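Shown here: my_file_16.pdb, PDB, C-alpha atoms.
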ATOM      1  CA  MET I   1      -9.889 311.245 -59.780
ATOM      2  CA  GLY I   2      -7.184 308.930 -61.026
ATOM      3  CA  ARG I   3      -5.730 308.372 -64.447
ATOM      4  CA  TYR I   4      -6.245 304.919 -65.882
ATOM      5  CA  THR I   5      -5.642 302.975 -69.043
ATOM      6  CA  ALA I   6      -8.452 300.630 -69.984
ATOM      7  CA  THR I   7      -7.512 297.943 -72.470
ATOM      8  CA  VAL I   8     -10.548 296.718 -74.384
ATOM      9  CA  THR I   9     -10.080 293.520 -76.365
ATOM     10  CA  VAL I  10     -12.778 292.748 -78.919
ATOM     11  CA  ARG I  11     -12.912 289.212 -80.326
ATOM     12  CA  LEU I  12     -15.232 287.362 -82.626
ATOM     13  CA  LYS I  13     -17.589 285.081 -80.750
ATOM     14  CA  HIS I  14     -16.708 281.430 -80.777
ATOM     15  CA  GLY I  15     -17.993 279.895 -83.990
ATOM     16  CA  VAL I  16     -18.100 283.121 -86.012
ATOM     17  CA  LEU I  17     -16.007 282.751 -89.150
ATOM     18  CA  ASP I  18     -12.878 284.932 -89.264
ATOM     19  CA  PRO I  19     -11.841 285.083 -92.931
ATOM     20  CA  GLU I  20      -9.009 287.538 -92.319
ATOM     21  CA  ALA I  21      -7.459 285.316 -89.652
ATOM     22  CA  GLU I  22      -7.811 282.299 -91.937
ATOM     23  CA  THR I  23      -6.088 284.158 -94.770
ATOM     24  CA  THR I  24      -3.316 285.157 -92.362
ATOM     25  CA  ARG I  25      -2.979 281.575 -91.161
ATOM     26  CA  GLN I  26      -2.591 280.366 -94.735
ATOM     27  CA  ALA I  27       0.086 282.985 -95.364
ATOM     28  CA  LEU I  28       1.984 281.826 -92.271
ATOM     29  CA  GLU I  29       1.807 278.256 -93.550
ATOM     30  CA  ARG I  30       3.228 279.393 -96.880
ATOM     31  CA  LEU I  31       6.136 280.891 -94.936
ATOM     32  CA  GLY I  32       6.785 277.473 -93.466
ATOM     33  CA  PHE I  33       5.166 277.919 -90.048
ATOM     34  CA  ASP I  34       3.041 275.139 -88.661
ATOM     35  CA  VAL I  35      -0.126 276.822 -87.379
ATOM     36  CA  GLU I  36      -2.964 274.803 -85.883
ATOM     37  CA  ALA I  37      -5.326 277.746 -85.570
ATOM     38  CA  LEU I  38      -5.129 281.491 -85.515
ATOM     39  CA  ARG I  39      -7.532 283.990 -84.008
ATOM     40  CA  SER I  40      -7.401 287.744 -84.407
ATOM     41  CA  ALA I  41      -8.717 290.422 -82.076
ATOM     42  CA  ASP I  42      -8.870 294.191 -81.892
ATOM     43  CA  ARG I  43      -7.290 295.897 -78.922
ATOM     44  CA  PHE I  44      -8.184 299.435 -77.873
ATOM     45  CA  GLU I  45      -6.153 301.258 -75.223
ATOM     46  CA  VAL I  46      -8.221 304.033 -73.683
ATOM     47  CA  ASP I  47      -6.627 306.604 -71.369
ATOM     48  CA  LEU I  48      -9.212 308.160 -69.116
ATOM     49  CA  GLU I  49      -9.783 309.792 -65.751
ATOM     50  CA  ALA I  50     -12.134 308.119 -63.307
ATOM     51  CA  ALA I  51     -12.966 308.063 -59.608
ATOM     52  CA  SER I  52     -11.688 304.514 -59.257
ATOM     53  CA  ALA I  53     -10.433 301.565 -61.265
ATOM     54  CA  GLU I  54     -13.948 300.097 -61.059
ATOM     55  CA  ALA I  55     -15.438 303.276 -62.489
ATOM     56  CA  ALA I  56     -12.854 303.298 -65.273
ATOM     57  CA  LYS I  57     -13.743 299.700 -66.079
ATOM     58  CA  ALA I  58     -17.453 300.447 -66.140
ATOM     59  CA  GLU I  59     -16.859 303.384 -68.466
ATOM     60  CA  ALA I  60     -14.763 301.276 -70.848
ATOM     61  CA  GLU I  61     -17.374 298.507 -70.801
ATOM     62  CA  SER I  62     -19.955 301.060 -71.798
ATOM     63  CA  MET I  63     -17.718 302.121 -74.706
ATOM     64  CA  ALA I  64     -17.484 298.500 -75.813
ATOM     65  CA  GLU I  65     -21.245 298.001 -75.548
ATOM     66  CA  ARG I  66     -22.080 301.139 -77.470
ATOM     67  CA  LEU I  67     -19.429 301.219 -80.173
ATOM     68  CA  LEU I  68     -16.235 299.195 -79.961
ATOM     69  CA  ALA I  69     -17.934 295.789 -80.162
ATOM     70  CA  ASN I  70     -20.937 294.578 -82.127
ATOM     71  CA  PRO I  71     -22.850 292.228 -79.798
ATOM     72  CA  THR I  72     -24.085 290.136 -82.732
ATOM     73  CA  ILE I  73     -20.595 288.897 -83.553
ATOM     74  CA  HIS I  74     -18.257 290.006 -80.761
ATOM     75  CA  ASP I  75     -17.298 289.261 -77.188
ATOM     76  CA  TYR I  76     -15.060 291.688 -75.339
ATOM     77  CA  ASP I  77     -13.113 292.030 -72.128
ATOM     78  CA  VAL I  78     -11.719 295.026 -70.314
ATOM     79  CA  GLU I  79      -8.615 295.311 -68.172
ATOM     80  CA  VAL I  80      -7.755 298.456 -66.260
ATOM     81  CA  SER I  81      -4.405 299.641 -65.014
ATOM     82  CA  GLU I  82      -3.258 302.883 -63.469
ATOM     83  CA  ALA I  83      -1.774 305.090 -66.141
ATOM     84  CA  ALA I  84       1.989 305.359 -66.081
TER      85      ALA I  84
ATOM     86  CA  MET Z   1     -42.814 315.073-100.164
ATOM     87  CA  SER Z   2     -39.656 313.379-101.245
ATOM     88  CA  VAL Z   3     -37.536 310.423-100.300
ATOM     89  CA  SER Z   4     -34.432 311.472 -98.367
ATOM     90  CA  VAL Z   5     -31.239 309.793 -99.548
ATOM     91  CA  ILE Z   6     -28.865 310.259 -96.650
ATOM     92  CA  ARG Z   7     -25.253 311.089 -97.443
ATOM     93  CA  PHE Z   8     -22.299 310.561 -95.175
ATOM     94  CA  GLY Z   9     -18.684 311.206 -96.030
ATOM     95  CA  GLY Z  10     -17.878 308.204 -98.207
ATOM     96  CA  SER Z  11     -21.392 307.448 -99.474
ATOM     97  CA  ASN Z  12     -21.121 306.824-103.208
ATOM     98  CA  CYS Z  13     -24.419 305.365-104.426
ATOM     99  CA  ASP Z  14     -26.415 308.405-103.328
ATOM    100  CA  ARG Z  15     -26.855 310.053-106.723
ATOM    101  CA  ASP Z  16     -27.492 306.694-108.414
ATOM    102  CA  THR Z  17     -30.321 306.152-105.968
ATOM    103  CA  VAL Z  18     -31.885 309.544-106.697
ATOM    104  CA  ALA Z  19     -31.593 308.873-110.448
ATOM    105  CA  ALA Z  20     -33.209 305.460-110.073
ATOM    106  CA  LEU Z  21     -36.062 306.861-107.965
ATOM    107  CA  SER Z  22     -36.531 309.676-110.469
ATOM    108  CA  HIS Z  23     -36.838 307.173-113.326
ATOM    109  CA  LEU Z  24     -39.722 305.591-111.418
ATOM    110  CA  GLY Z  25     -41.387 308.980-110.983
ATOM    111  CA  ILE Z  26     -40.402 309.240-107.333
ATOM    112  CA  ASP Z  27     -38.891 312.448-106.033
ATOM    113  CA  GLY Z  28     -35.615 311.786-104.251
ATOM    114  CA  GLU Z  29     -33.491 314.329-102.460
ATOM    115  CA  LEU Z  30     -29.890 314.163-101.274
ATOM    116  CA  VAL Z  31     -29.648 314.961 -97.575
ATOM    117  CA  TRP Z  32     -26.319 315.581 -95.845
ATOM    118  CA  HIS Z  33     -26.506 313.770 -92.529
ATOM    119  CA  GLU Z  34     -25.501 316.806 -90.469
ATOM    120  CA  ASP Z  35     -28.449 318.756 -91.879
ATOM    121  CA  GLY Z  36     -30.881 316.348 -90.222
ATOM    122  CA  LEU Z  37     -33.901 314.562 -91.644
ATOM    123  CA  PRO Z  38     -36.377 316.953 -93.318
ATOM    124  CA  ALA Z  39     -39.735 317.025 -91.513
ATOM    125  CA  GLU Z  40     -41.561 316.469 -94.826
ATOM    126  CA  SER Z  41     -39.514 313.411 -95.748
ATOM    127  CA  SER Z  42     -41.706 310.611 -97.138
ATOM    128  CA  GLY Z  43     -39.073 307.895 -96.810
ATOM    129  CA  VAL Z  44     -35.389 307.292 -96.210
ATOM    130  CA  VAL Z  45     -32.725 305.476 -98.191
ATOM    131  CA  PHE Z  46     -29.312 304.815 -96.720
ATOM    132  CA  PRO Z  47     -27.287 304.342 -99.896
ATOM    133  CA  GLY Z  48     -24.222 302.260-100.555
ATOM    134  CA  GLY Z  49     -20.633 303.387-100.256
ATOM    135  CA  PHE Z  50     -17.943 303.429 -97.628
ATOM    136  CA  SER Z  51     -19.149 305.825 -94.962
ATOM    137  CA  TYR Z  52     -16.279 306.917 -92.723
ATOM    138  CA  GLY Z  53     -13.971 304.668 -94.717
ATOM    139  CA  ASP Z  54     -15.462 301.569 -93.054
ATOM    140  CA  TYR Z  55     -13.419 302.475 -89.948
ATOM    141  CA  LEU Z  56     -13.885 300.068 -87.051
ATOM    142  CA  ARG Z  57     -16.594 298.116 -88.906
ATOM    143  CA  ALA Z  58     -18.564 298.962 -92.030
ATOM    144  CA  GLY Z  59     -21.389 301.276 -90.976
ATOM    145  CA  ALA Z  60     -20.303 301.564 -87.343
ATOM    146  CA  MET Z  61     -19.546 305.282 -87.374
ATOM    147  CA  ALA Z  62     -22.513 306.436 -89.442
ATOM    148  CA  ALA Z  63     -24.813 304.364 -87.224
ATOM    149  CA  ARG Z  64     -23.831 306.543 -84.239
ATOM    150  CA  SER Z  65     -24.391 309.884 -85.974
ATOM    151  CA  PRO Z  66     -27.122 312.163 -84.584
ATOM    152  CA  ILE Z  67     -29.446 311.820 -87.597
ATOM    153  CA  MET Z  68     -29.969 308.158 -86.705
ATOM    154  CA  GLU Z  69     -31.904 309.081 -83.588
ATOM    155  CA  THR Z  70     -34.411 310.988 -85.720
ATOM    156  CA  VAL Z  71     -34.580 308.164 -88.245
ATOM    157  CA  ARG Z  72     -35.264 305.650 -85.457
ATOM    158  CA  GLU Z  73     -38.110 307.803 -84.114
ATOM    159  CA  ARG Z  74     -39.646 308.368 -87.545
ATOM    160  CA  ALA Z  75     -39.218 304.701 -88.478
ATOM    161  CA  ALA Z  76     -41.116 303.763 -85.315
ATOM    162  CA  ASP Z  77     -43.954 305.978 -86.627
ATOM    163  CA  GLY Z  78     -43.971 304.036 -89.889
ATOM    164  CA  LEU Z  79     -41.655 306.046 -92.146
ATOM    165  CA  PRO Z  80     -40.292 303.661 -94.813
ATOM    166  CA  VAL Z  81     -36.540 303.092 -94.448
ATOM    167  CA  LEU Z  82     -34.376 301.122 -96.888
ATOM    168  CA  GLY Z  83     -30.707 300.360 -96.269
ATOM    169  CA  ILE Z  84     -28.759 299.254 -99.339
ATOM    170  CA  CYS Z  85     -25.270 297.732 -99.016
ATOM    171  CA  ASN Z  86     -23.357 300.134 -96.752
ATOM    172  CA  GLY Z  87     -26.789 301.478 -95.831
ATOM    173  CA  ALA Z  88     -27.772 297.978 -94.709
ATOM    174  CA  GLN Z  89     -24.619 297.752 -92.611
ATOM    175  CA  ILE Z  90     -25.459 301.123 -91.066
ATOM    176  CA  CYS Z  91     -29.050 300.097 -90.271
ATOM    177  CA  CYS Z  92     -27.923 296.862 -88.583
ATOM    178  CA  GLU Z  93     -25.266 298.692 -86.596
ATOM    179  CA  ALA Z  94     -27.921 301.215 -85.573
ATOM    180  CA  GLY Z  95     -30.303 298.501 -84.416
ATOM    181  CA  LEU Z  96     -32.929 299.240 -87.075
ATOM    182  CA  ALA Z  97     -32.570 295.632 -88.200
ATOM    183  CA  PRO Z  98     -31.166 292.565 -86.438
ATOM    184  CA  GLY Z  99     -27.937 290.762 -87.266
ATOM    185  CA  ALA Z 100     -24.738 292.076 -88.787
ATOM    186  CA  PHE Z 101     -23.086 292.196 -92.186
ATOM    187  CA  THR Z 102     -19.424 291.327 -91.807
ATOM    188  CA  THR Z 103     -16.353 290.222 -93.767
ATOM    189  CA  ASN Z 104     -17.100 288.025 -96.786
ATOM    190  CA  ALA Z 105     -16.188 284.375 -96.259
ATOM    191  CA  ARG Z 106     -13.502 284.619 -98.904
ATOM    192  CA  ALA Z 107     -12.152 287.861 -97.371
ATOM    193  CA  ARG Z 108     -12.430 289.587-100.740
ATOM    194  CA  PHE Z 109     -14.349 292.495-102.142
ATOM    195  CA  GLN Z 110     -16.910 291.018-104.515
ATOM    196  CA  CYS Z 111     -18.416 292.938-107.412
ATOM    197  CA  GLU Z 112     -20.672 290.744-109.527
ATOM    198  CA  HIS Z 113     -24.237 289.943-110.435
ATOM    199  CA  VAL Z 114     -26.187 287.544-108.266
ATOM    200  CA  PHE Z 115     -29.533 285.807-108.432
ATOM    201  CA  LEU Z 116     -31.962 286.251-105.570
ATOM    202  CA  ARG Z 117     -35.107 284.386-104.662
ATOM    203  CA  VAL Z 118     -37.999 286.418-103.341
ATOM    204  CA  GLU Z 119     -38.884 284.709-100.071
ATOM    205  CA  ASN Z 120     -41.841 286.848 -99.050
ATOM    206  CA  ALA Z 121     -43.783 288.869-101.617
ATOM    207  CA  GLU Z 122     -46.272 290.219 -99.116
ATOM    208  CA  THR Z 123     -44.161 293.105 -97.874
ATOM    209  CA  PRO Z 124     -44.118 296.744 -98.967
ATOM    210  CA  TRP Z 125     -40.734 296.109-100.593
ATOM    211  CA  THR Z 126     -41.511 292.972-102.555
ATOM    212  CA  ASP Z 127     -45.191 293.151-103.491
ATOM    213  CA  ASP Z 128     -44.281 293.795-107.143
ATOM    214  CA  TYR Z 129     -42.895 290.249-107.234
ATOM    215  CA  GLU Z 130     -44.273 286.788-106.631
ATOM    216  CA  ARG Z 131     -42.949 284.509-103.946
ATOM    217  CA  GLY Z 132     -40.257 282.346-105.507
ATOM    218  CA  ASP Z 133     -39.444 284.842-108.260
ATOM    219  CA  VAL Z 134     -35.772 284.900-109.192
ATOM    220  CA  ILE Z 135     -34.338 288.356-109.733
ATOM    221  CA  GLU Z 136     -30.864 289.448-110.791
ATOM    222  CA  LEU Z 137     -29.110 292.309-109.026
ATOM    223  CA  PRO Z 138     -25.522 293.493-108.660
ATOM    224  CA  ILE Z 139     -23.554 293.187-105.446
ATOM    225  CA  ALA Z 140     -20.408 295.148-104.582
ATOM    226  CA  HIS Z 141     -19.172 294.605-101.064
ATOM    227  CA  GLY Z 142     -16.373 293.298 -98.890
ATOM    228  CA  GLU Z 143     -18.479 292.972 -95.749
ATOM    229  CA  GLY Z 144     -21.737 291.394 -96.818
ATOM    230  CA  ARG Z 145     -21.788 288.103 -94.941
ATOM    231  CA  PHE Z 146     -24.965 288.074 -92.886
ATOM    232  CA  GLU Z 147     -24.427 286.834 -89.345
ATOM    233  CA  ILE Z 148     -27.089 286.348 -86.723
ATOM    234  CA  ALA Z 149     -27.714 284.021 -83.791
ATOM    235  CA  ASP Z 150     -29.505 280.796 -84.777
ATOM    236  CA  ASN Z 151     -32.566 281.530 -82.659
ATOM    237  CA  GLU Z 152     -32.886 285.028 -84.119
ATOM    238  CA  LEU Z 153     -32.617 283.631 -87.635
ATOM    239  CA  ALA Z 154     -35.346 281.127 -86.846
ATOM    240  CA  ALA Z 155     -37.516 283.971 -85.563
ATOM    241  CA  LEU Z 156     -36.938 285.991 -88.746
ATOM    242  CA  GLU Z 157     -37.919 282.968 -90.795
ATOM    243  CA  SER Z 158     -41.074 282.240 -88.857
ATOM    244  CA  GLU Z 159     -42.117 285.890 -88.931
ATOM    245  CA  GLY Z 160     -41.662 286.078 -92.706
ATOM    246  CA  ARG Z 161     -38.973 288.701 -92.383
ATOM    247  CA  ILE Z 162     -36.508 287.157 -94.805
ATOM    248  CA  LEU Z 163     -36.967 289.051 -98.063
ATOM    249  CA  LEU Z 164     -34.285 287.674-100.367
ATOM    250  CA  ARG Z 165     -31.927 284.720-100.497
ATOM    251  CA  TYR Z 166     -28.955 284.189-102.796
ATOM    252  CA  CYS Z 167     -29.803 281.431-105.260
ATOM    253  CA  ASP Z 168     -28.845 280.079-108.673
ATOM    254  CA  ALA Z 169     -30.556 281.086-111.921
ATOM    255  CA  GLU Z 170     -33.249 278.459-111.335
ATOM    256  CA  GLY Z 171     -33.993 279.646-107.824
ATOM    257  CA  ASN Z 172     -32.191 276.888-105.947
ATOM    258  CA  VAL Z 173     -30.716 278.183-102.717
ATOM    259  CA  THR Z 174     -27.321 276.479-102.670
ATOM    260  CA  GLU Z 175     -23.941 276.992-101.067
ATOM    261  CA  ALA Z 176     -22.426 277.541-104.514
ATOM    262  CA  ALA Z 177     -24.859 280.406-105.127
ATOM    263  CA  ASN Z 178     -23.946 282.097-101.851
ATOM    264  CA  PRO Z 179     -21.386 284.747-102.809
ATOM    265  CA  ASN Z 180     -20.216 285.780 -99.352
ATOM    266  CA  GLY Z 181     -20.998 283.005 -96.877
ATOM    267  CA  SER Z 182     -24.147 284.673 -95.550
ATOM    268  CA  LYS Z 183     -25.970 282.558 -93.001
ATOM    269  CA  ASP Z 184     -28.704 280.567 -94.711
ATOM    270  CA  ASN Z 185     -28.014 282.565 -97.926
ATOM    271  CA  VAL Z 186     -29.820 285.594 -96.498
ATOM    272  CA  ALA Z 187     -29.347 288.725 -98.635
ATOM    273  CA  GLY Z 188     -32.079 290.993 -97.311
ATOM    274  CA  ILE Z 189     -34.444 291.152 -94.342
ATOM    275  CA  LEU Z 190     -37.125 293.255 -92.752
ATOM    276  CA  GLY Z 191     -36.354 295.292 -89.648
ATOM    277  CA  GLU Z 192     -38.522 295.404 -86.566
ATOM    278  CA  ARG Z 193     -41.328 296.804 -88.699
ATOM    279  CA  PRO Z 194     -42.247 295.761 -92.242
ATOM    280  CA  THR Z 195     -41.600 299.342 -93.360
ATOM    281  CA  VAL Z 196     -37.869 298.932 -92.652
ATOM    282  CA  ALA Z 197     -35.724 296.756 -94.928
ATOM    283  CA  VAL Z 198     -32.025 296.114 -95.385
ATOM    284  CA  MET Z 199     -30.310 294.350 -98.275
ATOM    285  CA  MET Z 200     -26.777 293.948 -99.593
ATOM    286  CA  PRO Z 201     -27.614 293.795-103.349
ATOM    287  CA  HIS Z 202     -28.164 297.062-105.203
ATOM    288  CA  PRO Z 203     -31.673 297.610-106.621
ATOM    289  CA  GLU Z 204     -30.715 301.144-107.725
ATOM    290  CA  ARG Z 205     -28.102 299.651-110.046
ATOM    291  CA  ALA Z 206     -30.782 297.546-111.703
ATOM    292  CA  THR Z 207     -33.492 300.121-112.340
ATOM    293  CA  LEU Z 208     -32.462 302.339-115.284
ATOM    294  CA  PRO Z 209     -33.144 300.494-118.580
ATOM    295  CA  ASP Z 210     -29.842 301.776-120.004
ATOM    296  CA  LEU Z 211     -28.093 299.533-117.486
ATOM    297  CA  ARG Z 212     -29.858 296.461-118.954
ATOM    298  CA  LEU Z 213     -31.026 294.982-115.653
ATOM    299  CA  THR Z 214     -34.262 296.366-114.271
ATOM    300  CA  ASP Z 215     -35.154 293.750-111.671
ATOM    301  CA  GLY Z 216     -34.561 296.237-108.864
ATOM    302  CA  GLN Z 217     -37.402 298.530-109.882
ATOM    303  CA  GLY Z 218     -39.968 296.697-107.803
ATOM    304  CA  ILE Z 219     -38.090 297.340-104.600
ATOM    305  CA  LEU Z 220     -37.621 301.071-105.127
ATOM    306  CA  ARG Z 221     -41.174 301.454-106.414
ATOM    307  CA  SER Z 222     -42.358 300.809-102.885
ATOM    308  CA  PHE Z 223     -41.592 304.470-102.196
ATOM    309  CA  ALA Z 224     -44.186 305.583-104.786
TER     310      ALA Z 224
END
Can you present the structure in this file as structure tokens?
Amino acid sequence: MGRYTATVTVRLKHGVLDPEAETTRQALERLGFDVEALRSADRFEVDLEAASAEAAKAEAESMAERLLANPTIHDYDVEVSEAA
Amino acid sequence: MSVSVIRFGGSNCDRDTVAALSHLGIDGELVWHEDGLPAESSGVVFPGGFSYGDYLRAGAMAARSPIMETVRERAADGLPVLGICNGAQICCEAGLAPGAFTTNARARFQCEHVFLRVENAETPWTDDYERGDVIELPIAHGEGRFEIADNELAALESEGRILLRYCDAEGNVTEAANPNGSKDNVAGILGERPTVAVMMPHPERATLPDLRLTDGQGILRSFA
């Protein structure tokens, strides 16, 4: 078994309105920044033990499918690295 | 035989729901989710509130609690299940109904009265109304924008599973009358079975005559 960190990034699907990101974008504009578009995402860093990096990835994908993401509105991706 | 009103940490419309049911002569009982669904339960309400502080997404945590497995099984056997507001979010997260209720288009919590058009009056939840009736109910939510894939929305429409749409006082379904940016103004739908319904507006807050509005009585009366 190895120790891994799986980074799960959960984003809104393309075309799904993101009111919080839009509000943030407007606030940045008020601060004088020129922002064409802004997207937000949630990032989860999961430390876990697994037989291999592939197994760690599969486990984290299962977490995303079952809880971290809502398939109606979200896409997600998973990256795995060996834990420091 | 009583209707089980399921409480999670953070539910806050639970007692209102029991009081509203009681006014209609329906026995309602508060059930703490960890105690499980009583075998003699005649129906289930998931009340409004902020279960688990809306962590992750509104309803996401409660939807994964063990009682939901029992509710899913009993719902498949025909037990009536109504999700109101946070309860609707929980039911969608749990897969009892399609789609998702997410952040309002204006990114604000909205607490106001809305008008709703009854889109299908031939369901257990709406048969006290006529199709096209306009009813007035309160809303109080920050994550009430209904989202669903276009093809799934079309399926809901063709199967008559859209119960209520946000409209103006005359029953016109317009963008201006849509408080939260819900797709196609949808405010409430049926789940996989007609005995399961979810809705963001609060019928239990429009049932007791002392609260002036009583348009929600017809929905709760379906438990009688």
For the file shown, report as a compact mmCIF listing (two decimals) with C-alpha atoms, keeping the file's coordinate frame the outcome of the PyMOL selection byres ((chain Z) within 12 of (chain I)) at residue level.
# COMPACT_ATOMS: atom_id res chain seq x y z
CA TYR Z 55 -13.42 302.48 -89.95
CA LEU Z 56 -13.88 300.07 -87.05
CA ARG Z 57 -16.59 298.12 -88.91
CA ALA Z 58 -18.56 298.96 -92.03
CA GLY Z 59 -21.39 301.28 -90.98
CA ALA Z 60 -20.30 301.56 -87.34
CA MET Z 61 -19.55 305.28 -87.37
CA ALA Z 62 -22.51 306.44 -89.44
CA ALA Z 63 -24.81 304.36 -87.22
CA ARG Z 64 -23.83 306.54 -84.24
CA SER Z 65 -24.39 309.88 -85.97
CA GLN Z 89 -24.62 297.75 -92.61
CA ILE Z 90 -25.46 301.12 -91.07
CA CYS Z 92 -27.92 296.86 -88.58
CA GLU Z 93 -25.27 298.69 -86.60
CA ALA Z 94 -27.92 301.21 -85.57
CA GLY Z 95 -30.30 298.50 -84.42
CA ALA Z 97 -32.57 295.63 -88.20
CA PRO Z 98 -31.17 292.56 -86.44
CA GLY Z 99 -27.94 290.76 -87.27
CA ALA Z 100 -24.74 292.08 -88.79
CA PHE Z 101 -23.09 292.20 -92.19
CA THR Z 102 -19.42 291.33 -91.81
CA THR Z 103 -16.35 290.22 -93.77
CA ASN Z 104 -17.10 288.02 -96.79
CA ALA Z 105 -16.19 284.38 -96.26
CA ARG Z 106 -13.50 284.62 -98.90
CA ALA Z 107 -12.15 287.86 -97.37
CA ARG Z 108 -12.43 289.59 -100.74
CA GLY Z 142 -16.37 293.30 -98.89
CA GLU Z 143 -18.48 292.97 -95.75
CA ARG Z 145 -21.79 288.10 -94.94
CA PHE Z 146 -24.96 288.07 -92.89
CA GLU Z 147 -24.43 286.83 -89.34
CA ILE Z 148 -27.09 286.35 -86.72
CA ALA Z 149 -27.71 284.02 -83.79
CA ASP Z 150 -29.50 280.80 -84.78
CA GLU Z 152 -32.89 285.03 -84.12
CA LEU Z 153 -32.62 283.63 -87.64
CA ASN Z 180 -20.22 285.78 -99.35
CA GLY Z 181 -21.00 283.00 -96.88
CA SER Z 182 -24.15 284.67 -95.55
CA LYS Z 183 -25.97 282.56 -93.00
Matched chain/residue IDs from the PyMOL selection byres ((chain Z and resi 66) around 12), as a ChimeraX atom specification: /Z:8,32-37,61-65,67-73,94
Residue with smallest distance to Thr174 of chain Z - pool Z:Leu116, Z:Val45, Z:Ser2, Z:Arg205, counting all atoms listed in the file: Z:Leu116
The PyMOL selection byres ((chain I and resi 84) around 10) applied to the shown file, residues as a PyMOL selection string: chain I and resi 3-5+81-83
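Close contacts of Glu112 of chain Z, defined as residues with an atom at most 8 Å away when counting all atoms listed in the file, with chain neighbours fewer than 3 positions off set aside, comprise Pro138, Ile139 and Ala140 of chain Z.
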Polymer residues at most 8 Å from Arg7 of chain Z, only C-alpha atoms, same-chain spacing of 5 or more positions, as a PyMOL selection string: chain Z and resi 14+30-33+46-47
For segment 78-83 of chain I, I'd like the enclosing box, axis-aligned and padded by 5 Å on every side, reported as AutoDock Vina command-line options with centre and edge lengths in Å to one decimal.
--center_x -6.7 --center_y 300.1 --center_z -66.9 --size_x 19.9 --size_y 20.1 --size_z 16.8
Segment 38-44 of chain Z surroundings by only C-alpha atoms, 8 Å radius, close-in-sequence under 5 positions cut, as a PyMOL selection string: chain Z and resi 1-6+79-82+223
Pairwise distance for atom CA of Asp210 of chain Z and atom CA of Ile26 of chain Z, rounded to one decimal in Å: 18.1 Å
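Pairwise distance (atom CA of Lys57 of chain I, atom CA of Phe44 of chain I) equals 13.0 Å.
Of the residues listed (I:Arg39, I:Thr24, I:Gly32, I:Val80), I:Val80 shows the shortest atom-to-atom separation from Ala55 of chain I; distances use all atoms listed in the file.
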Gap from atom CA of Val78 of chain I to atom CA of Arg43 of chain I - Å, one decimal: 9.7 Å
Neighbour list for Ala177 of chain Z as an MDAnalysis selection string, cut-off 7 Å, all atoms listed in the file, skip fewer than 4 positions in-chain: chainID Z and resid 166:168 173
